[in-house]
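K.L.:
Please find input_10.cif (mmCIF, C-alpha atoms and all ligand atoms) on the next line:
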data_query
loop_
_atom_site.group_PDB
_atom_site.id
_atom_site.type_symbol
_atom_site.label_atom_id
_atom_site.label_comp_id
_atom_site.auth_asym_id
_atom_site.auth_seq_id
_atom_site.Cartn_x
_atom_site.Cartn_y
_atom_site.Cartn_z
ATOM 1 C CA MET M 122 0.000 0.000 0.000
ATOM 2 C CA SER M 123 1.581 3.305 -1.003
ATOM 3 C CA GLY M 124 2.176 6.020 1.597
ATOM 4 C CA ILE M 125 2.520 3.495 4.418
ATOM 5 C CA PRO M 126 5.985 3.636 5.957
ATOM 6 C CA VAL M 127 8.270 0.652 6.511
ATOM 7 C CA ILE M 128 8.210 -0.007 10.227
ATOM 8 C CA GLY M 129 11.255 -1.127 12.204
ATOM 9 C CA ILE M 130 10.700 -3.399 15.212
ATOM 10 C CA PRO M 131 13.389 -3.769 17.904
ATOM 11 C CA ARG M 132 13.810 -7.458 18.694
ATOM 12 C CA ALA M 133 13.920 -6.934 22.453
ATOM 13 C CA MET M 134 11.819 -6.406 25.590
ATOM 14 C CA LEU M 135 8.127 -6.990 24.922
ATOM 15 C CA TYR M 136 8.830 -8.199 21.395
ATOM 16 C CA TYR M 137 9.409 -11.563 23.053
ATOM 17 C CA ARG M 138 5.919 -11.431 24.525
ATOM 18 C CA TYR M 139 3.875 -9.651 21.875
ATOM 19 C CA GLY M 140 6.067 -9.908 18.776
ATOM 20 C CA LEU M 141 3.669 -12.205 16.961
ATOM 21 C CA LEU M 142 0.767 -9.888 17.733
ATOM 22 C CA TRP M 143 2.616 -6.867 16.313
ATOM 23 C CA GLU M 144 3.941 -8.647 13.242
ATOM 24 C CA ARG M 145 0.582 -10.211 12.409
ATOM 25 C CA PHE M 146 -1.151 -6.858 12.895
ATOM 26 C CA PHE M 147 1.179 -5.155 10.416
ATOM 27 C CA GLU M 148 1.090 -8.094 8.013
ATOM 28 C CA THR M 149 -2.727 -8.181 7.968
ATOM 29 C CA LEU M 150 -2.755 -4.497 7.095
ATOM 30 C CA GLY M 151 -0.103 -4.986 4.411
ATOM 31 C CA VAL M 152 2.517 -2.878 6.214
ATOM 32 C CA SER M 153 6.158 -3.859 5.644
ATOM 33 C CA THR M 154 8.344 -4.356 8.683
ATOM 34 C CA ILE M 155 11.980 -5.023 9.416
ATOM 35 C CA LEU M 156 13.197 -6.654 12.575
ATOM 36 C CA SER M 157 16.522 -5.891 14.242
ATOM 37 C CA SER M 158 19.053 -8.750 14.386
ATOM 38 C CA PRO M 159 19.025 -11.242 17.279
ATOM 39 C CA GLY M 160 20.651 -9.818 20.429
ATOM 40 C CA ASN M 161 24.428 -10.057 20.663
ATOM 41 C CA ARG M 162 27.382 -8.529 22.521
ATOM 42 C CA GLU M 163 27.787 -5.683 20.054
ATOM 43 C CA ILE M 164 24.133 -4.647 20.284
ATOM 44 C CA LEU M 165 24.324 -4.745 24.078
ATOM 45 C CA ASP M 166 27.527 -2.668 24.169
ATOM 46 C CA THR M 167 25.981 -0.065 21.872
ATOM 47 C CA GLY M 168 22.842 0.094 23.982
ATOM 48 C CA ALA M 169 24.793 0.259 27.253
ATOM 49 C CA ALA M 170 26.691 3.272 25.916
ATOM 50 C CA ARG M 171 23.424 4.997 24.948
ATOM 51 C CA ALA M 172 21.026 4.105 27.761
ATOM 52 C CA PRO M 173 21.037 5.815 31.161
ATOM 53 C CA ASP M 174 23.498 4.146 33.571
ATOM 54 C CA GLU M 175 20.728 3.276 36.018
ATOM 55 C CA GLY M 176 18.724 1.443 33.331
ATOM 56 C CA CYS M 177 18.367 -2.320 33.654
ATOM 57 C CA LEU M 178 20.221 -4.686 31.349
ATOM 58 C CA ALA M 179 17.064 -5.337 29.313
ATOM 59 C CA VAL M 180 16.615 -1.625 28.582
ATOM 60 C CA LYS M 181 20.285 -1.348 27.585
ATOM 61 C CA MET M 182 19.862 -4.232 25.149
ATOM 62 C CA PHE M 183 16.693 -2.589 23.837
ATOM 63 C CA MET M 184 18.415 0.712 23.082
ATOM 64 C CA GLY M 185 21.112 -1.173 21.180
ATOM 65 C CA HIS M 186 18.394 -2.699 18.991
ATOM 66 C CA VAL M 187 16.861 0.716 18.402
ATOM 67 C CA GLU M 188 20.232 2.110 17.339
ATOM 68 C CA SER M 189 20.704 -0.774 14.899
ATOM 69 C CA LEU M 190 17.452 0.228 13.155
ATOM 70 C CA ILE M 191 18.271 3.929 12.826
ATOM 71 C CA GLY M 192 18.171 4.970 9.173
ATOM 72 C CA ARG M 193 16.959 1.541 8.015
ATOM 73 C CA CYS M 194 13.228 2.238 8.236
ATOM 74 C CA GLU M 195 10.916 5.225 8.144
ATOM 75 C CA ARG M 196 9.534 4.691 11.645
ATOM 76 C CA ILE M 197 10.586 2.590 14.591
ATOM 77 C CA PHE M 198 7.667 1.037 16.442
ATOM 78 C CA ILE M 199 7.936 1.276 20.232
ATOM 79 C CA PRO M 200 4.574 0.601 21.883
ATOM 80 C CA ARG M 201 3.883 2.021 25.327
ATOM 81 C CA TYR M 202 2.580 -0.773 27.505
ATOM 82 C CA SER M 203 1.281 0.834 30.664
ATOM 83 C CA ASN M 204 -1.508 -1.365 32.041
ATOM 84 C CA TYR M 205 -4.445 -3.644 31.349
ATOM 85 C CA GLY M 206 -6.387 -2.105 34.243
ATOM 86 C CA THR M 207 -5.860 -0.950 37.818
ATOM 87 C CA THR M 208 -4.606 -4.307 39.038
ATOM 88 C CA ALA M 209 -2.572 -5.236 35.966
ATOM 89 C CA LEU M 210 0.399 -2.929 35.564
ATOM 90 C CA PHE M 211 3.543 -3.186 33.512
ATOM 91 C CA CYS M 212 6.975 -2.201 34.767
ATOM 92 C CA THR M 213 7.251 1.545 34.227
ATOM 93 C CA ARG M 214 10.371 1.018 32.132
ATOM 94 C CA TYR M 215 8.219 -0.435 29.325
ATOM 95 C CA GLU M 216 6.069 2.653 29.385
ATOM 96 C CA ALA M 217 9.106 4.908 29.195
ATOM 97 C CA LEU M 218 10.782 3.168 26.238
ATOM 98 C CA TYR M 219 9.173 5.270 23.503
ATOM 99 C CA ASP M 220 9.983 8.629 25.094
ATOM 100 C CA GLY M 221 13.393 7.374 26.231
ATOM 101 C CA ALA M 222 14.368 6.283 22.718
ATOM 102 C CA ARG M 223 13.074 9.490 21.150
ATOM 103 C CA ASN M 224 15.167 11.464 23.588
ATOM 104 C CA ILE M 225 18.321 9.355 23.284
ATOM 105 C CA PHE M 226 18.212 9.388 19.467
ATOM 106 C CA ARG M 227 16.797 12.917 19.095
ATOM 107 C CA THR M 228 19.584 14.122 16.812
ATOM 108 C CA SER M 229 19.422 11.113 14.480
ATOM 109 C CA GLY M 230 16.488 12.358 12.405
ATOM 110 C CA GLN M 231 14.819 8.989 12.940
ATOM 111 C CA ARG M 232 11.041 8.960 13.335
ATOM 112 C CA PHE M 233 9.274 6.780 15.885
ATOM 113 C CA ILE M 234 5.713 5.594 16.273
ATOM 114 C CA THR M 235 3.872 4.263 19.306
ATOM 115 C CA CYS M 236 0.643 2.623 20.368
ATOM 116 C CA ASN M 237 -0.649 3.390 23.875
ATOM 117 C CA ILE M 238 -1.940 0.413 25.840
ATOM 118 C CA ASP M 239 -3.372 2.115 28.879
ATOM 119 C CA ALA M 240 -6.723 0.643 29.933
ATOM 120 C CA GLN M 241 -6.877 2.877 32.993
ATOM 121 C CA ASN M 242 -7.060 5.912 30.733
ATOM 122 C CA GLY M 243 -9.502 4.680 28.115
ATOM 123 C CA SER M 244 -7.049 2.900 25.863
ATOM 124 C CA PRO M 245 -7.373 -0.874 26.323
ATOM 125 C CA GLU M 246 -5.441 -3.011 23.843
ATOM 126 C CA PRO M 247 -8.180 -3.392 21.152
ATOM 127 C CA LYS M 248 -8.891 0.333 21.170
ATOM 128 C CA ALA M 249 -5.178 1.187 21.225
ATOM 129 C CA PHE M 250 -4.478 -0.886 18.106
ATOM 130 C CA GLU M 251 -7.565 0.489 16.396
ATOM 131 C CA ARG M 252 -6.314 4.028 16.956
ATOM 132 C CA PHE M 253 -2.836 3.030 15.921
ATOM 133 C CA GLY M 254 -4.123 1.543 12.647
ATOM 134 C CA VAL M 255 -6.041 4.764 11.945
ATOM 135 C CA GLU M 256 -2.838 6.719 12.511
ATOM 136 C CA LEU M 257 -1.204 4.528 9.881
ATOM 137 C CA GLY M 258 -3.951 5.408 7.412
ATOM 138 C CA PHE M 259 -6.401 2.504 7.765
ATOM 139 C CA SER M 260 -10.057 2.563 8.732
ATOM 140 C CA PRO M 261 -11.131 1.684 12.308
ATOM 141 C CA LYS M 262 -12.785 -1.464 10.934
ATOM 142 C CA GLU M 263 -9.654 -2.631 9.069
ATOM 143 C CA SER M 264 -7.514 -1.881 12.109
ATOM 144 C CA HIS M 265 -9.797 -3.717 14.501
ATOM 145 C CA ARG M 266 -9.935 -6.735 12.209
ATOM 146 C CA ALA M 267 -6.124 -6.792 12.008
ATOM 147 C CA TRP M 268 -5.812 -6.640 15.804
ATOM 148 C CA LYS M 269 -8.361 -9.433 16.202
ATOM 149 C CA GLU M 270 -6.549 -11.653 13.730
ATOM 150 C CA ALA M 271 -3.202 -10.909 15.424
ATOM 151 C CA SER M 272 -4.636 -11.486 18.865
ATOM 152 C CA ARG M 273 -6.003 -14.878 17.817
ATOM 153 C CA ALA M 274 -2.624 -15.911 16.418
ATOM 154 C CA LEU M 275 -0.900 -14.952 19.661
ATOM 155 C CA GLU M 276 -3.429 -16.892 21.700
ATOM 156 C CA GLN M 277 -2.842 -20.009 19.600
ATOM 157 C CA GLN M 278 0.928 -19.668 19.969
ATOM 158 C CA LYS M 279 0.635 -19.430 23.753
ATOM 159 C CA LYS M 280 -1.624 -22.472 23.935
ATOM 160 C CA ALA M 281 0.828 -24.512 21.856
ATOM 161 C CA GLU M 282 3.748 -23.472 24.104
ATOM 162 C CA GLU M 283 1.857 -24.405 27.222
ATOM 163 C CA GLN M 284 0.814 -27.741 25.798
ATOM 164 C CA ALA M 285 4.421 -28.525 24.794
ATOM 165 C CA GLN M 286 5.579 -27.739 28.326
ATOM 166 C CA LYS M 287 2.890 -29.924 29.905
ATOM 167 C CA GLU M 288 4.082 -32.801 27.753
ATOM 168 C CA MET M 289 7.744 -32.172 28.654
ATOM 169 C CA ILE M 290 7.107 -32.415 32.375
ATOM 170 C CA ARG M 291 5.854 -35.979 31.953
ATOM 171 C CA ASN M 292 9.254 -37.103 30.655
ATOM 172 C CA PRO M 293 11.727 -38.773 33.024
ATOM 173 C CA GLY M 294 14.925 -36.903 33.940
ATOM 174 C CA ILE M 295 16.065 -33.810 35.822
ATOM 175 C CA LYS M 296 13.560 -31.009 35.484
ATOM 176 C CA VAL M 297 14.641 -27.427 35.955
ATOM 177 C CA LEU M 298 12.190 -24.539 35.978
ATOM 178 C CA VAL M 299 13.804 -21.385 34.603
ATOM 179 C CA ALA M 300 12.006 -18.293 35.886
ATOM 180 C CA GLY M 301 12.333 -14.891 34.284
ATOM 181 C CA HIS M 302 10.994 -12.356 31.849
ATOM 182 C CA SER M 303 10.608 -13.639 28.284
ATOM 183 C CA TYR M 304 12.926 -10.970 26.870
ATOM 184 C CA VAL M 305 15.677 -12.145 29.206
ATOM 185 C CA LEU M 306 15.124 -15.895 28.774
ATOM 186 C CA SER M 307 14.705 -15.784 24.985
ATOM 187 C CA ASP M 308 17.415 -13.308 24.117
ATOM 188 C CA PRO M 309 20.216 -15.207 22.320
ATOM 189 C CA TYR M 310 22.872 -13.271 24.251
ATOM 190 C CA LEU M 311 21.241 -12.946 27.688
ATOM 191 C CA GLY M 312 19.177 -15.903 28.880
ATOM 192 C CA LYS M 313 19.155 -18.363 26.011
ATOM 193 C CA PRO M 314 22.716 -19.600 26.685
ATOM 194 C CA ILE M 315 21.488 -20.594 30.164
ATOM 195 C CA LEU M 316 18.659 -22.668 28.714
ATOM 196 C CA ASP M 317 20.992 -24.120 26.075
ATOM 197 C CA TYR M 318 23.514 -25.116 28.726
ATOM 198 C CA LEU M 319 20.858 -26.868 30.826
ATOM 199 C CA ILE M 320 19.509 -28.704 27.793
ATOM 200 C CA SER M 321 23.010 -29.749 26.697
ATOM 201 C CA SER M 322 23.489 -31.099 30.244
ATOM 202 C CA GLU M 323 20.423 -33.272 29.639
ATOM 203 C CA ALA M 324 18.106 -31.382 31.952
ATOM 204 C CA ILE M 325 14.482 -30.887 30.944
ATOM 205 C CA CYS M 326 14.096 -27.147 30.813
ATOM 206 C CA LEU M 327 10.740 -25.636 31.714
ATOM 207 C CA ARG M 328 9.995 -21.925 31.577
ATOM 208 C CA THR M 329 7.696 -19.768 33.663
ATOM 209 C CA ASP M 330 6.678 -17.780 30.573
ATOM 210 C CA ALA M 331 5.330 -20.884 28.842
ATOM 211 C CA LEU M 332 2.540 -21.336 31.375
ATOM 212 C CA GLU M 333 -0.944 -19.966 30.943
ATOM 213 C CA GLU M 334 -0.753 -16.370 32.126
ATOM 214 C CA GLU M 335 -4.115 -16.105 33.874
ATOM 215 C CA THR M 336 -3.554 -19.316 35.842
ATOM 216 C CA SER M 337 -0.153 -18.070 37.002
ATOM 217 C CA ARG M 338 -1.519 -14.675 37.933
ATOM 218 C CA ARG M 339 -4.323 -16.204 39.995
ATOM 219 C CA ALA M 340 -1.772 -18.323 41.876
ATOM 220 C CA CYS M 341 0.291 -15.214 42.566
ATOM 221 C CA ALA M 342 -2.754 -13.258 43.777
ATOM 222 C CA GLN M 343 -3.392 -15.858 46.477
ATOM 223 C CA PHE M 344 0.205 -15.576 47.610
ATOM 224 C CA SER M 345 0.680 -11.822 47.346
ATOM 225 C CA PRO M 346 -2.494 -9.794 46.652
ATOM 226 C CA THR M 347 -0.473 -6.579 46.446
ATOM 227 C CA CYS M 348 1.813 -7.632 43.597
ATOM 228 C CA ARG M 349 0.576 -5.564 40.657
ATOM 229 C CA TRP M 350 3.184 -6.061 37.922
ATOM 230 C CA ILE M 351 1.702 -8.398 35.351
ATOM 231 C CA VAL M 352 4.908 -10.126 34.295
ATOM 232 C CA SER M 353 6.181 -10.502 37.861
ATOM 233 C CA GLU M 354 2.840 -11.985 38.882
ATOM 234 C CA GLU M 355 3.159 -14.548 36.126
ATOM 235 C CA VAL M 356 6.705 -15.485 37.151
ATOM 236 C CA VAL M 357 5.802 -15.804 40.834
ATOM 237 C CA GLY M 358 2.575 -17.702 40.137
ATOM 238 C CA ALA M 359 4.275 -20.130 37.754
ATOM 239 C CA VAL M 360 7.031 -20.876 40.276
ATOM 240 C CA LEU M 361 4.477 -21.499 43.029
ATOM 241 C CA LEU M 362 2.424 -23.777 40.786
ATOM 242 C CA TRP M 363 5.373 -25.804 39.518
ATOM 243 C CA LYS M 364 7.865 -25.797 42.378
ATOM 244 C CA ASP M 365 6.813 -29.228 43.636
ATOM 245 C CA ARG M 366 7.003 -30.804 40.196
ATOM 246 C CA VAL M 367 10.605 -29.863 39.372
ATOM 247 C CA ASP M 368 14.044 -30.759 40.759
ATOM 248 C CA GLY M 369 15.444 -27.235 40.751
ATOM 249 C CA ILE M 370 14.566 -23.614 40.005
ATOM 250 C CA VAL M 371 16.768 -20.991 38.353
ATOM 251 C CA LEU M 372 15.721 -17.372 38.850
ATOM 252 C CA VAL M 373 17.179 -15.259 36.037
ATOM 253 C CA SER M 374 17.126 -11.459 36.306
ATOM 254 C CA ALA M 375 18.440 -8.473 34.395
ATOM 255 C CA PHE M 376 20.407 -6.279 36.811
ATOM 256 C CA PRO M 377 19.169 -4.065 38.445
ATOM 257 C CA CYS M 378 15.570 -5.169 38.039
ATOM 258 C CA GLY M 379 13.382 -3.517 40.691
ATOM 259 C CA PRO M 380 10.402 -5.914 40.501
ATOM 260 C CA ASP M 381 12.653 -9.009 40.486
ATOM 261 C CA SER M 382 14.633 -7.800 43.483
ATOM 262 C CA MET M 383 11.418 -8.010 45.470
ATOM 263 C CA THR M 384 9.765 -11.077 43.960
ATOM 264 C CA ASN M 385 12.944 -13.193 43.910
ATOM 265 C CA GLU M 386 13.393 -12.491 47.595
ATOM 266 C CA LEU M 387 9.800 -13.556 48.254
ATOM 267 C CA LEU M 388 10.254 -16.748 46.281
ATOM 268 C CA ILE M 389 13.537 -17.703 47.933
ATOM 269 C CA ARG M 390 11.866 -17.397 51.348
ATOM 270 C CA ARG M 391 8.845 -19.386 50.215
ATOM 271 C CA ILE M 392 10.468 -22.311 48.408
ATOM 272 C CA ARG M 393 11.510 -25.215 50.599
ATOM 273 C CA GLY M 394 13.157 -28.494 49.636
ATOM 274 C CA VAL M 395 13.990 -27.508 46.042
ATOM 275 C CA PRO M 396 17.409 -26.059 45.158
ATOM 276 C CA VAL M 397 17.165 -22.478 43.879
ATOM 277 C CA LEU M 398 19.862 -20.692 41.899
ATOM 278 C CA THR M 399 19.692 -16.930 41.353
ATOM 279 C CA LEU M 400 21.454 -15.501 38.319
ATOM 280 C CA ASN M 401 21.617 -11.728 38.050
ATOM 281 C CA LEU M 402 22.860 -10.879 34.582
ATOM 282 C CA ASP M 403 24.655 -7.601 33.962
ATOM 283 C CA THR M 404 26.795 -6.091 31.228
ATOM 284 C CA GLN M 405 29.865 -7.843 32.650
ATOM 285 C CA SER M 406 28.332 -11.324 32.881
ATOM 286 C CA GLY M 407 30.174 -13.893 30.859
ATOM 287 C CA MET M 408 28.864 -17.384 30.240
ATOM 288 C CA ALA M 409 31.983 -18.998 31.779
ATOM 289 C CA GLY M 410 31.070 -17.955 35.343
ATOM 290 C CA VAL M 411 27.401 -18.746 34.757
ATOM 291 C CA GLU M 412 28.211 -22.225 33.423
ATOM 292 C CA THR M 413 30.268 -23.037 36.511
ATOM 293 C CA ARG M 414 27.348 -22.112 38.737
ATOM 294 C CA LEU M 415 24.889 -24.096 36.627
ATOM 295 C CA GLU M 416 27.202 -27.111 36.681
ATOM 296 C CA SER M 417 27.379 -27.038 40.504
ATOM 297 C CA PHE M 418 23.631 -26.521 40.665
ATOM 298 C CA LEU M 419 22.985 -29.605 38.525
ATOM 299 C CA ASP M 420 25.414 -31.599 40.691
ATOM 300 C CA ILE M 421 23.399 -30.652 43.792
ATOM 301 C CA ILE M 422 20.233 -31.854 42.066
ATOM 302 C CA ARG M 423 21.879 -35.127 40.990
ATOM 303 C CA PHE M 424 23.111 -35.616 44.543
ATOM 304 C CA GLN M 425 19.608 -35.051 45.930
ATOM 305 C CA ARG M 426 18.180 -37.524 43.419
ATOM 306 C CA GLY M 427 20.737 -40.107 44.534
ATOM 307 C CA GLU M 428 22.468 -40.066 41.146
ATOM 308 C CA MET M 429 25.794 -38.927 42.641
ATOM 309 C CA VAL M 430 27.694 -40.108 45.680
HETATM 310 S S1 LIG B 501 10.817 -5.698 34.885
HETATM 311 FE FE1 LIG B 501 12.964 -5.529 35.457
HETATM 312 S S2 LIG B 501 14.108 -6.251 33.673
HETATM 313 FE FE2 LIG B 501 12.042 -5.761 33.003
HETATM 314 S S3 LIG B 501 12.144 -3.652 32.311
HETATM 315 FE FE3 LIG B 501 11.473 -3.607 34.440
HETATM 316 S S4 LIG B 501 13.375 -3.310 35.595
HETATM 317 FE FE4 LIG B 501 13.961 -4.014 33.530
#
Show how you would write the structure in this file as structure tokens.
P.N.:
Amino acid sequence: MSGIPVIGIPRAMLYYRYGLLWERFFETLGVSTILSSPGNREILDTGAARAPDEGCLAVKMFMGHVESLIGRCERIFIPRYSNYGTTALFCTRYEALYDGARNIFRTSGQRFITCNIDAQNGSPEPKAFERFGVELGFSPKESHRAWKEASRALEQQKKAEEQAQKEMIRNPGIKVLVAGHSYVLSDPYLGKPILDYLISSEAICLRTDALEEETSRRACAQFSPTCRWIVSEEVVGAVLLWKDRVDGIVLVSAFPCGPDSMTNELLIRRIRGVPVLTLNLDTQSGMAGVETRLESFLDIIRFQRGEMV
């Protein structure tokens, strides 16, 4: 469609949660997109040099992805995820990404575009994407249809992931639940090497983000009714639901994550009888040190299972 800009999407942060929704939305409308490359050391270093020092590792990685898209597309898409209602909030850093990137790259000439998901202020997700589609030049009806189609695709993907995980837990062998935010666990430079290492050590790797979100959030609400961050609720709830079905739990965080600093502490105090390893990733983390800790962790599990003397 002429007049519609090519949209750049940073492959970071909530891309790992909503990426399919965004891509399917654009695709249904016939809008071309480009995706930044998978996360790597260079992207992280670039982002760390650009982002505020106090930003968490995930935000630093994100800014590196934004920089890699500068000049390669007409607009960079950075949605503002604020909340799905009064009791379902996102970490404020997600909300600040659009303004943060516009400020950091203000002299680049790059244009940005956002979509405001803020149910508390009259912009729930369907409405937000409808408005966003109109801004791109489509009718409200076309935009709503595209969101609906994208939303359905995302729902199906989540169901398939959950089903796959439920089947995995029935297999014999050491089962490790890896807890963390999707953009940390799935990033090829940040969390994925942890999952790869566990799998190569023949552990069955389960993930908190592969469980049904509402079920996890309900479990968290019973444990801590005041926890309001959606993603943290899901991590906490999934750990509580699965802790008795696994041999060990690895809590993976992006330093210095505010929500995780609280929820990890809560979980460590709550979990009994299952080894827990906490990995706080920062810009200096190398896989060598992490592998040593994972190796010892797996040895503890093998010892507890009577597989080591
Ligand atoms: S939840 Fe933690 S890791 Fe994620 S953006 Fe917020 S501070 Fe960063």
K.L.:
What does the distance from atom CA of M:Phe211 to atom CA of M:Val360 come to in Å, to one decimal?
P.N.:
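Between atom CA of M:Phe211 and atom CA of M:Val360 the gap works out to 19.3 Å.
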K.L.:
Please, which residues have at least one atom within 6 Å of an atom of ligand LIG 501 (chain B), using only C-alpha atoms and all ligand atoms, listed as a list in words?
P.N.:
Cys177, Ala179, Cys212, Arg214, Tyr215, Ala375, Cys378, Gly379 and Pro380 of chain M
K.L.:
Write the residues of the preceding selection, restricted to C-alpha atoms, as a PDB file, in the frame of the given file.
P.N.:
ATOM      1  CA  CYS M 177      18.367  -2.320  33.654  1.00  0.00           C
ATOM      2  CA  ALA M 179      17.064  -5.337  29.313  1.00  0.00           C
ATOM      3  CA  CYS M 212       6.975  -2.201  34.767  1.00  0.00           C
ATOM      4  CA  ARG M 214      10.371   1.018  32.132  1.00  0.00           C
ATOM      5  CA  TYR M 215       8.219  -0.435  29.325  1.00  0.00           C
ATOM      6  CA  ALA M 375      18.440  -8.473  34.395  1.00  0.00           C
ATOM      7  CA  CYS M 378      15.570  -5.169  38.039  1.00  0.00           C
ATOM      8  CA  GLY M 379      13.382  -3.517  40.691  1.00  0.00           C
ATOM      9  CA  PRO M 380      10.402  -5.914  40.501  1.00  0.00           C
TER      10      PRO M 380
END
K.L.:
Given the file shown, enumerate the residues that the PyMOL selection byres (((chain M and resi 336-349) around 6) and not hetatm) captures and present them as a ChimeraX atom specification.
P.N.:
/M:208-210,333-335,350,354-355,357-359
K.L.:
Which of these residues is nearest to M:Asn204, using all atoms listed in the file: M:Pro377, M:Gly369, M:Gly301, M:Gly243?
P.N.:
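That would be M:Gly243, the residue with the smallest distance to M:Asn204.
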K.L.:
Give me, as an NGL selection string, all polymer residues having an atom no more than 10 Å from M:Arg393, counting all atoms listed in the file and skipping those fewer than 5 positions away in the same chain.
P.N.:
:M and (364-365 or 388)
K.L.:
Write a file of the selected residues as a PDB file, in the frame of the given file, keeping C-alpha atoms.
P.N.:
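Just written: selection-v6.pdb:
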ATOM      1  CA  LYS M 364       7.865 -25.797  42.378  1.00  0.00           C
ATOM      2  CA  ASP M 365       6.813 -29.228  43.636  1.00  0.00           C
ATOM      3  CA  LEU M 388      10.254 -16.748  46.281  1.00  0.00           C
TER       4      LEU M 388
END
K.L.:
Rank M:Gly206, M:Pro309, M:Gly129, M:Gly160 by their smallest atom-to-atom distance to M:Ala240, using only C-alpha atoms, and report the top residue only.
P.N.:
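Using only C-alpha atoms, M:Ala240 sits closest to M:Gly206.
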K.L.:
May I ask for the distance between atom CA of M:Trp268 and atom CA of M:Cys236, given in Å to one decimal place?
P.N.:
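One can read the atom CA of M:Trp268 to atom CA of M:Cys236 distance as 12.2 Å.
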K.L.:
To one decimal place, how far is atom CA of M:Leu178 from atom CA of M:Thr404 in Å?
P.N.:
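Those two atoms sit 6.7 Å apart.
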K.L.:
Out of M:Met289, M:Leu165, M:Val305, M:Ala324, which residue has the shortest atom-to-atom distance to M:Tyr136 when counting all atoms listed in the file?
P.N.:
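Nearest to M:Tyr136: M:Val305.
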K.L.:
Could you give me, as a list in words, the residues within 8 Å of stretch 274-277 of chain M, counting all atoms listed in the file and dropping anything in the same chain fewer than 2 positions from it?
P.N.:
Tyr139, Leu141, Leu142, Arg145, Glu270, Ala271, Ser272, Lys279, Lys280 and Ala281 of chain M
K.L.:
Could you state which residues are captured by the PyMOL selection byres (((chain M and resi 395) around 12) and not hetatm) in this file, as a PyMOL selection string?
P.N.:
chain M and resi 296-298+360-361+363-371+388-394+396-398+418-419+421-422+425-426
K.L.:
From the list M:Gly410, M:Pro200, M:Gly185, M:Gly427, which residue is nearest M:Ile315 when using all atoms listed in the file?
P.N.:
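Ranking M:Gly410, M:Pro200, M:Gly185, M:Gly427 by distance to M:Ile315, first place goes to M:Gly410.
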